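Asker: Right, I'll just put the structure down here and ask away after.
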Amino acid sequence: MSLTVHDEGQQVFRLDLSGLLRRAELDAAEATVARAIDAAGDVRLLVVLTAFEGWSTDDDWSGLQFYMEHGDRIARIAIAGEERWSSHMLLFAAADLRRAPVRYFAGDAVAGARAWLVE
């Protein structure tokens, strides 16, 4: 798995996911985003799935610490990837529990997702 975080400016952070997601990689990405929130305030997340294969079944995904501590500091979440991951990713992002809007962009829609984040 590869999970990388890029600061794209304007309080937008891009998370590139490929392969099988491991909890340790997500923890590292969350720490990066948490530091940005603590330093500069609310952020917007652009999650881009490329050859994504899902979540490791060997890891514990029950932790909600990041969501509880920083969830209200995320202004918007846009997720771009294959249509088959849309319902899974919206559930994983806790879309129905957040005050902030979360939207899934199917296919190669990174530009549209980025535009929606900053509108």
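Ordered as shown in the structure tokens, chains take letters A, B, and onward, while each chain numbers its residues from 1 and ligands are numbered from 1 in the order shown.
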Select from chain A everything DSSP, run on the backbone, classes as alpha helix (DSSP H), then give the selection as number ranges by chain.

Answerer: A: 23-40, 65-70, 86-92, 110-118

Asker: Limited to N, CA and C atoms, could you put the picked residues into a file as a compact mmCIF listing (two decimals), in the first residue's frame?

Answerer:
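Result file follows (part-v7.txt):
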# COMPACT_ATOMS: atom_id res chain seq x y z
N ARG A 23 -3.49 0.15 8.67
CA ARG A 23 -3.82 1.09 9.74
C ARG A 23 -2.64 2.00 10.08
N ALA A 24 -1.44 1.48 10.09
CA ALA A 24 -0.26 2.28 10.44
C ALA A 24 -0.07 3.42 9.43
N GLU A 25 -0.36 3.17 8.17
CA GLU A 25 -0.24 4.23 7.16
C GLU A 25 -1.30 5.30 7.37
N LEU A 26 -2.51 4.88 7.70
CA LEU A 26 -3.57 5.84 7.97
C LEU A 26 -3.23 6.66 9.21
N ASP A 27 -2.69 6.02 10.24
CA ASP A 27 -2.31 6.74 11.45
C ASP A 27 -1.28 7.83 11.14
N ALA A 28 -0.30 7.52 10.30
CA ALA A 28 0.73 8.49 9.93
C ALA A 28 0.12 9.65 9.15
N ALA A 29 -0.79 9.36 8.24
CA ALA A 29 -1.46 10.41 7.47
C ALA A 29 -2.31 11.29 8.39
N GLU A 30 -3.03 10.67 9.31
CA GLU A 30 -3.85 11.43 10.25
C GLU A 30 -2.98 12.35 11.11
N ALA A 31 -1.80 11.89 11.51
CA ALA A 31 -0.89 12.72 12.31
C ALA A 31 -0.44 13.94 11.52
N THR A 32 -0.17 13.76 10.24
CA THR A 32 0.23 14.88 9.38
C THR A 32 -0.89 15.90 9.28
N VAL A 33 -2.09 15.43 9.04
CA VAL A 33 -3.24 16.33 8.91
C VAL A 33 -3.54 17.00 10.25
N ALA A 34 -3.41 16.27 11.36
CA ALA A 34 -3.65 16.85 12.68
C ALA A 34 -2.67 17.99 12.97
N ARG A 35 -1.41 17.82 12.60
CA ARG A 35 -0.43 18.89 12.80
C ARG A 35 -0.81 20.13 11.98
N ALA A 36 -1.28 19.93 10.77
CA ALA A 36 -1.70 21.05 9.93
C ALA A 36 -2.90 21.77 10.54
N ILE A 37 -3.84 21.01 11.05
CA ILE A 37 -5.02 21.60 11.70
C ILE A 37 -4.60 22.41 12.92
N ASP A 38 -3.72 21.83 13.74
CA ASP A 38 -3.26 22.52 14.94
C ASP A 38 -2.51 23.80 14.60
N ALA A 39 -1.79 23.79 13.50
CA ALA A 39 -0.98 24.95 13.12
C ALA A 39 -1.78 26.03 12.39
N ALA A 40 -2.73 25.62 11.54
CA ALA A 40 -3.34 26.61 10.65
C ALA A 40 -4.86 26.61 10.63
N GLN A 65 -10.23 8.04 17.34
CA GLN A 65 -9.58 9.16 18.02
C GLN A 65 -9.41 10.38 17.10
N PHE A 66 -8.92 10.18 15.89
CA PHE A 66 -8.74 11.31 14.98
C PHE A 66 -10.08 11.99 14.68
N TYR A 67 -11.08 11.20 14.39
CA TYR A 67 -12.41 11.75 14.11
C TYR A 67 -12.93 12.56 15.30
N MET A 68 -12.79 12.03 16.50
CA MET A 68 -13.30 12.69 17.69
C MET A 68 -12.54 13.99 17.98
N GLU A 69 -11.23 13.98 17.78
CA GLU A 69 -10.41 15.15 18.11
C GLU A 69 -10.38 16.20 17.00
N HIS A 70 -10.44 15.78 15.75
CA HIS A 70 -10.22 16.70 14.64
C HIS A 70 -11.33 16.71 13.59
N SER A 86 -17.29 3.70 -4.01
CA SER A 86 -18.00 4.87 -3.51
C SER A 86 -18.71 4.63 -2.17
N SER A 87 -19.53 3.62 -2.06
CA SER A 87 -20.26 3.40 -0.80
C SER A 87 -19.32 3.03 0.34
N HIS A 88 -18.29 2.25 0.06
CA HIS A 88 -17.33 1.86 1.09
C HIS A 88 -16.55 3.07 1.60
N MET A 89 -16.11 3.93 0.70
CA MET A 89 -15.33 5.09 1.11
C MET A 89 -16.18 6.12 1.84
N LEU A 90 -17.42 6.30 1.43
CA LEU A 90 -18.29 7.23 2.14
C LEU A 90 -18.56 6.73 3.57
N LEU A 91 -18.72 5.44 3.72
CA LEU A 91 -18.88 4.87 5.05
C LEU A 91 -17.60 5.03 5.87
N PHE A 92 -16.45 4.73 5.26
CA PHE A 92 -15.16 4.84 5.94
C PHE A 92 -14.90 6.28 6.36
N VAL A 110 -10.55 13.93 -10.59
CA VAL A 110 -9.76 14.63 -9.59
C VAL A 110 -9.92 16.14 -9.73
N ALA A 111 -9.92 16.65 -10.96
CA ALA A 111 -10.06 18.09 -11.16
C ALA A 111 -11.41 18.58 -10.65
N GLY A 112 -12.47 17.85 -10.92
CA GLY A 112 -13.79 18.23 -10.42
C GLY A 112 -13.87 18.16 -8.91
N ALA A 113 -13.24 17.15 -8.32
CA ALA A 113 -13.22 17.03 -6.86
C ALA A 113 -12.47 18.20 -6.23
N ARG A 114 -11.33 18.55 -6.82
CA ARG A 114 -10.55 19.67 -6.28
C ARG A 114 -11.35 20.98 -6.40
N ALA A 115 -12.00 21.18 -7.54
CA ALA A 115 -12.79 22.40 -7.73
C ALA A 115 -13.91 22.49 -6.70
N TRP A 116 -14.58 21.37 -6.42
CA TRP A 116 -15.66 21.36 -5.43
C TRP A 116 -15.12 21.70 -4.04
N LEU A 117 -13.92 21.24 -3.72
CA LEU A 117 -13.34 21.50 -2.40
C LEU A 117 -13.17 22.98 -2.12
N VAL A 118 -12.77 23.73 -3.12
CA VAL A 118 -12.41 25.13 -2.89
C VAL A 118 -13.49 26.12 -3.33

Asker: Within 9 Å of Val12 (chain A), counting only C-alpha atoms, which residues qualify if same-chain residues fewer than 2 places away don't, as a compact mmCIF listing (two decimals) with N, CA and C atoms, in the first residue's frame?

Answerer:
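Result file follows (selection-v5.txt):
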# COMPACT_ATOMS: atom_id res chain seq x y z
N HIS A 6 -0.04 15.23 0.62
CA HIS A 6 0.58 16.38 -0.01
C HIS A 6 -0.20 17.63 0.37
N ASP A 7 0.52 18.66 0.79
CA ASP A 7 -0.09 19.96 1.07
C ASP A 7 -0.20 20.69 -0.26
N GLU A 8 -1.43 20.91 -0.72
CA GLU A 8 -1.64 21.56 -2.01
C GLU A 8 -1.90 23.06 -1.87
N GLY A 9 -1.74 23.60 -0.68
CA GLY A 9 -2.00 25.01 -0.46
C GLY A 9 -3.48 25.25 -0.24
N GLN A 10 -3.84 26.46 0.17
CA GLN A 10 -5.22 26.85 0.45
C GLN A 10 -5.89 25.90 1.43
N ARG A 14 -4.01 16.62 -0.10
CA ARG A 14 -4.33 15.50 -0.99
C ARG A 14 -3.75 14.23 -0.38
N VAL A 43 -9.14 22.37 7.51
CA VAL A 43 -8.55 21.89 6.26
C VAL A 43 -9.64 21.26 5.40
N ARG A 44 -9.29 21.05 4.15
CA ARG A 44 -10.13 20.32 3.19
C ARG A 44 -9.29 19.15 2.68
N LEU A 45 -9.92 17.99 2.54
CA LEU A 45 -9.20 16.79 2.12
C LEU A 45 -9.64 16.34 0.74
N LEU A 46 -8.66 16.06 -0.09
CA LEU A 46 -8.87 15.47 -1.40
C LEU A 46 -8.26 14.07 -1.35
N ARG A 114 -11.33 18.55 -6.82
CA ARG A 114 -10.55 19.67 -6.28
C ARG A 114 -11.35 20.98 -6.40
N LEU A 117 -13.92 21.24 -3.72
CA LEU A 117 -13.34 21.50 -2.40
C LEU A 117 -13.17 22.98 -2.12
N VAL A 118 -12.77 23.73 -3.12
CA VAL A 118 -12.41 25.13 -2.89
C VAL A 118 -13.49 26.12 -3.33

Asker: Quick check, in Å to one decimal: how far apart do CA of Arg99 (chain A) and CA of Arg76 (chain A) lie?

Answerer: 9.1 Å

Asker: Could you find all residues in chain A that DSSP calls strand (DSSP E) from the backbone, and write them as a PDB file with N, CA and C atoms, in the first residue's frame?

Answerer:
ATOM      1  N   SER A   2       0.347   2.211  -0.572  1.00  0.00           N
ATOM      2  CA  SER A   2       0.993   3.502  -0.536  1.00  0.00           C
ATOM      3  C   SER A   2      -0.051   4.545  -0.150  1.00  0.00           C
ATOM      4  N   LEU A   3       0.237   5.298   0.872  1.00  0.00           N
ATOM      5  CA  LEU A   3      -0.603   6.413   1.282  1.00  0.00           C
ATOM      6  C   LEU A   3       0.323   7.595   1.493  1.00  0.00           C
ATOM      7  N   THR A   4       0.164   8.606   0.663  1.00  0.00           N
ATOM      8  CA  THR A   4       0.986   9.798   0.791  1.00  0.00           C
ATOM      9  C   THR A   4       0.088  11.010   0.979  1.00  0.00           C
ATOM     10  N   VAL A   5       0.601  11.987   1.701  1.00  0.00           N
ATOM     11  CA  VAL A   5      -0.122  13.214   1.972  1.00  0.00           C
ATOM     12  C   VAL A   5       0.664  14.367   1.369  1.00  0.00           C
ATOM     13  N   HIS A   6      -0.037  15.228   0.620  1.00  0.00           N
ATOM     14  CA  HIS A   6       0.583  16.384  -0.015  1.00  0.00           C
ATOM     15  C   HIS A   6      -0.196  17.632   0.372  1.00  0.00           C
ATOM     16  N   ASP A   7       0.518  18.663   0.790  1.00  0.00           N
ATOM     17  CA  ASP A   7      -0.092  19.963   1.072  1.00  0.00           C
ATOM     18  C   ASP A   7      -0.203  20.694  -0.258  1.00  0.00           C
ATOM     19  N   VAL A  12      -5.752  22.776   1.570  1.00  0.00           N
ATOM     20  CA  VAL A  12      -6.164  21.532   0.914  1.00  0.00           C
ATOM     21  C   VAL A  12      -5.029  20.525   1.032  1.00  0.00           C
ATOM     22  N   PHE A  13      -5.374  19.337   1.527  1.00  0.00           N
ATOM     23  CA  PHE A  13      -4.415  18.247   1.616  1.00  0.00           C
ATOM     24  C   PHE A  13      -4.900  17.097   0.750  1.00  0.00           C
ATOM     25  N   ARG A  14      -4.011  16.616  -0.097  1.00  0.00           N
ATOM     26  CA  ARG A  14      -4.328  15.500  -0.987  1.00  0.00           C
ATOM     27  C   ARG A  14      -3.755  14.225  -0.382  1.00  0.00           C
ATOM     28  N   LEU A  15      -4.614  13.216  -0.250  1.00  0.00           N
ATOM     29  CA  LEU A  15      -4.197  11.901   0.216  1.00  0.00           C
ATOM     30  C   LEU A  15      -4.308  10.944  -0.959  1.00  0.00           C
ATOM     31  N   ASP A  16      -3.181  10.424  -1.409  1.00  0.00           N
ATOM     32  CA  ASP A  16      -3.147   9.466  -2.514  1.00  0.00           C
ATOM     33  C   ASP A  16      -3.083   8.059  -1.939  1.00  0.00           C
ATOM     34  N   LEU A  17      -4.076   7.237  -2.280  1.00  0.00           N
ATOM     35  CA  LEU A  17      -4.148   5.863  -1.801  1.00  0.00           C
ATOM     36  C   LEU A  17      -4.056   4.905  -2.976  1.00  0.00           C
ATOM     37  N   SER A  18      -3.232   3.885  -2.808  1.00  0.00           N
ATOM     38  CA  SER A  18      -3.174   2.808  -3.795  1.00  0.00           C
ATOM     39  C   SER A  18      -2.891   1.506  -3.063  1.00  0.00           C
ATOM     40  N   GLY A  19      -3.305   0.412  -3.664  1.00  0.00           N
ATOM     41  CA  GLY A  19      -3.088  -0.888  -3.050  1.00  0.00           C
ATOM     42  C   GLY A  19      -3.979  -1.117  -1.844  1.00  0.00           C
ATOM     43  N   LEU A  20      -3.484  -1.889  -0.889  1.00  0.00           N
ATOM     44  CA  LEU A  20      -4.225  -2.278   0.310  1.00  0.00           C
ATOM     45  C   LEU A  20      -3.846  -1.355   1.468  1.00  0.00           C
ATOM     46  N   LEU A  21      -4.823  -0.666   2.042  1.00  0.00           N
ATOM     47  CA  LEU A  21      -4.566   0.286   3.118  1.00  0.00           C
ATOM     48  C   LEU A  21      -4.296  -0.439   4.430  1.00  0.00           C
ATOM     49  N   VAL A  43      -9.135  22.374   7.510  1.00  0.00           N
ATOM     50  CA  VAL A  43      -8.553  21.893   6.259  1.00  0.00           C
ATOM     51  C   VAL A  43      -9.640  21.257   5.397  1.00  0.00           C
ATOM     52  N   ARG A  44      -9.285  21.048   4.150  1.00  0.00           N
ATOM     53  CA  ARG A  44     -10.125  20.317   3.194  1.00  0.00           C
ATOM     54  C   ARG A  44      -9.292  19.155   2.682  1.00  0.00           C
ATOM     55  N   LEU A  45      -9.918  17.991   2.536  1.00  0.00           N
ATOM     56  CA  LEU A  45      -9.200  16.793   2.122  1.00  0.00           C
ATOM     57  C   LEU A  45      -9.642  16.341   0.742  1.00  0.00           C
ATOM     58  N   LEU A  46      -8.661  16.059  -0.092  1.00  0.00           N
ATOM     59  CA  LEU A  46      -8.874  15.465  -1.403  1.00  0.00           C
ATOM     60  C   LEU A  46      -8.262  14.073  -1.354  1.00  0.00           C
ATOM     61  N   VAL A  47      -9.096  13.054  -1.392  1.00  0.00           N
ATOM     62  CA  VAL A  47      -8.645  11.662  -1.329  1.00  0.00           C
ATOM     63  C   VAL A  47      -8.718  11.086  -2.739  1.00  0.00           C
ATOM     64  N   VAL A  48      -7.579  10.621  -3.242  1.00  0.00           N
ATOM     65  CA  VAL A  48      -7.510  10.098  -4.600  1.00  0.00           C
ATOM     66  C   VAL A  48      -7.144   8.618  -4.545  1.00  0.00           C
ATOM     67  N   LEU A  49      -8.033   7.783  -5.073  1.00  0.00           N
ATOM     68  CA  LEU A  49      -7.812   6.336  -5.102  1.00  0.00           C
ATOM     69  C   LEU A  49      -7.272   5.948  -6.481  1.00  0.00           C
ATOM     70  N   THR A  50      -6.118   5.288  -6.478  1.00  0.00           N
ATOM     71  CA  THR A  50      -5.520   4.805  -7.722  1.00  0.00           C
ATOM     72  C   THR A  50      -5.122   3.347  -7.504  1.00  0.00           C
ATOM     73  N   ALA A  51      -5.745   2.446  -8.228  1.00  0.00           N
ATOM     74  CA  ALA A  51      -5.498   1.007  -8.043  1.00  0.00           C
ATOM     75  C   ALA A  51      -5.703   0.607  -6.575  1.00  0.00           C
ATOM     76  N   PHE A  52      -6.705   1.195  -5.956  1.00  0.00           N
ATOM     77  CA  PHE A  52      -7.025   0.908  -4.558  1.00  0.00           C
ATOM     78  C   PHE A  52      -7.605  -0.495  -4.450  1.00  0.00           C
ATOM     79  N   GLU A  53      -7.183  -1.224  -3.403  1.00  0.00           N
ATOM     80  CA  GLU A  53      -7.617  -2.615  -3.212  1.00  0.00           C
ATOM     81  C   GLU A  53      -8.410  -2.833  -1.933  1.00  0.00           C
ATOM     82  N   GLY A  54      -8.603  -1.788  -1.135  1.00  0.00           N
ATOM     83  CA  GLY A  54      -9.376  -1.943   0.085  1.00  0.00           C
ATOM     84  C   GLY A  54      -8.534  -1.819   1.340  1.00  0.00           C
ATOM     85  N   TRP A  55      -9.040  -2.382   2.434  1.00  0.00           N
ATOM     86  CA  TRP A  55      -8.444  -2.248   3.754  1.00  0.00           C
ATOM     87  C   TRP A  55      -7.903  -3.586   4.221  1.00  0.00           C
ATOM     88  N   ILE A  74     -12.375  19.585   9.782  1.00  0.00           N
ATOM     89  CA  ILE A  74     -12.295  19.271   8.359  1.00  0.00           C
ATOM     90  C   ILE A  74     -13.519  19.897   7.696  1.00  0.00           C
ATOM     91  N   ALA A  75     -13.275  20.852   6.805  1.00  0.00           N
ATOM     92  CA  ALA A  75     -14.352  21.628   6.202  1.00  0.00           C
ATOM     93  C   ALA A  75     -15.084  20.857   5.110  1.00  0.00           C
ATOM     94  N   ARG A  76     -14.355  20.089   4.314  1.00  0.00           N
ATOM     95  CA  ARG A  76     -14.935  19.295   3.228  1.00  0.00           C
ATOM     96  C   ARG A  76     -14.016  18.119   2.938  1.00  0.00           C
ATOM     97  N   ILE A  77     -14.631  17.049   2.424  1.00  0.00           N
ATOM     98  CA  ILE A  77     -13.859  15.894   1.963  1.00  0.00           C
ATOM     99  C   ILE A  77     -14.381  15.515   0.583  1.00  0.00           C
ATOM    100  N   ALA A  78     -13.466  15.476  -0.377  1.00  0.00           N
ATOM    101  CA  ALA A  78     -13.794  15.001  -1.720  1.00  0.00           C
ATOM    102  C   ALA A  78     -12.983  13.738  -1.964  1.00  0.00           C
ATOM    103  N   ILE A  79     -13.642  12.708  -2.458  1.00  0.00           N
ATOM    104  CA  ILE A  79     -12.989  11.432  -2.734  1.00  0.00           C
ATOM    105  C   ILE A  79     -13.168  11.129  -4.218  1.00  0.00           C
ATOM    106  N   ALA A  80     -12.079  10.826  -4.901  1.00  0.00           N
ATOM    107  CA  ALA A  80     -12.131  10.508  -6.330  1.00  0.00           C
ATOM    108  C   ALA A  80     -11.575   9.112  -6.547  1.00  0.00           C
ATOM    109  N   GLY A  81     -12.337   8.274  -7.238  1.00  0.00           N
ATOM    110  CA  GLY A  81     -11.876   6.918  -7.496  1.00  0.00           C
ATOM    111  C   GLY A  81     -12.902   6.119  -8.267  1.00  0.00           C
ATOM    112  N   VAL A 102     -19.266  15.573   2.491  1.00  0.00           N
ATOM    113  CA  VAL A 102     -18.360  14.590   1.907  1.00  0.00           C
ATOM    114  C   VAL A 102     -18.981  14.174   0.582  1.00  0.00           C
ATOM    115  N   ARG A 103     -18.183  14.205  -0.486  1.00  0.00           N
ATOM    116  CA  ARG A 103     -18.718  13.868  -1.800  1.00  0.00           C
ATOM    117  C   ARG A 103     -17.765  12.939  -2.529  1.00  0.00           C
ATOM    118  N   TYR A 104     -18.342  11.962  -3.224  1.00  0.00           N
ATOM    119  CA  TYR A 104     -17.562  11.000  -3.997  1.00  0.00           C
ATOM    120  C   TYR A 104     -17.646  11.366  -5.476  1.00  0.00           C
ATOM    121  N   PHE A 105     -16.511  11.378  -6.135  1.00  0.00           N
ATOM    122  CA  PHE A 105     -16.414  11.672  -7.559  1.00  0.00           C
ATOM    123  C   PHE A 105     -15.910  10.412  -8.256  1.00  0.00           C
ATOM    124  N   ALA A 106     -16.763   9.784  -9.052  1.00  0.00           N
ATOM    125  CA  ALA A 106     -16.416   8.516  -9.694  1.00  0.00           C
ATOM    126  C   ALA A 106     -15.548   8.743 -10.927  1.00  0.00           C
TER     127      ALA A 106
END

Asker: Find the distance between CA of Trp85 (chain A) and CA of Asp42 (chain A) and write it in Å to one decimal.

Answerer: 26.2 Å

Asker: Closest to Arg73 (chain A) among A:Gly41, A:Gln11, A:Leu97, A:Asp108, using only C-alpha atoms?

Answerer: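 Using only C-alpha atoms, Arg73 (chain A) sits closest to A:Gly41.
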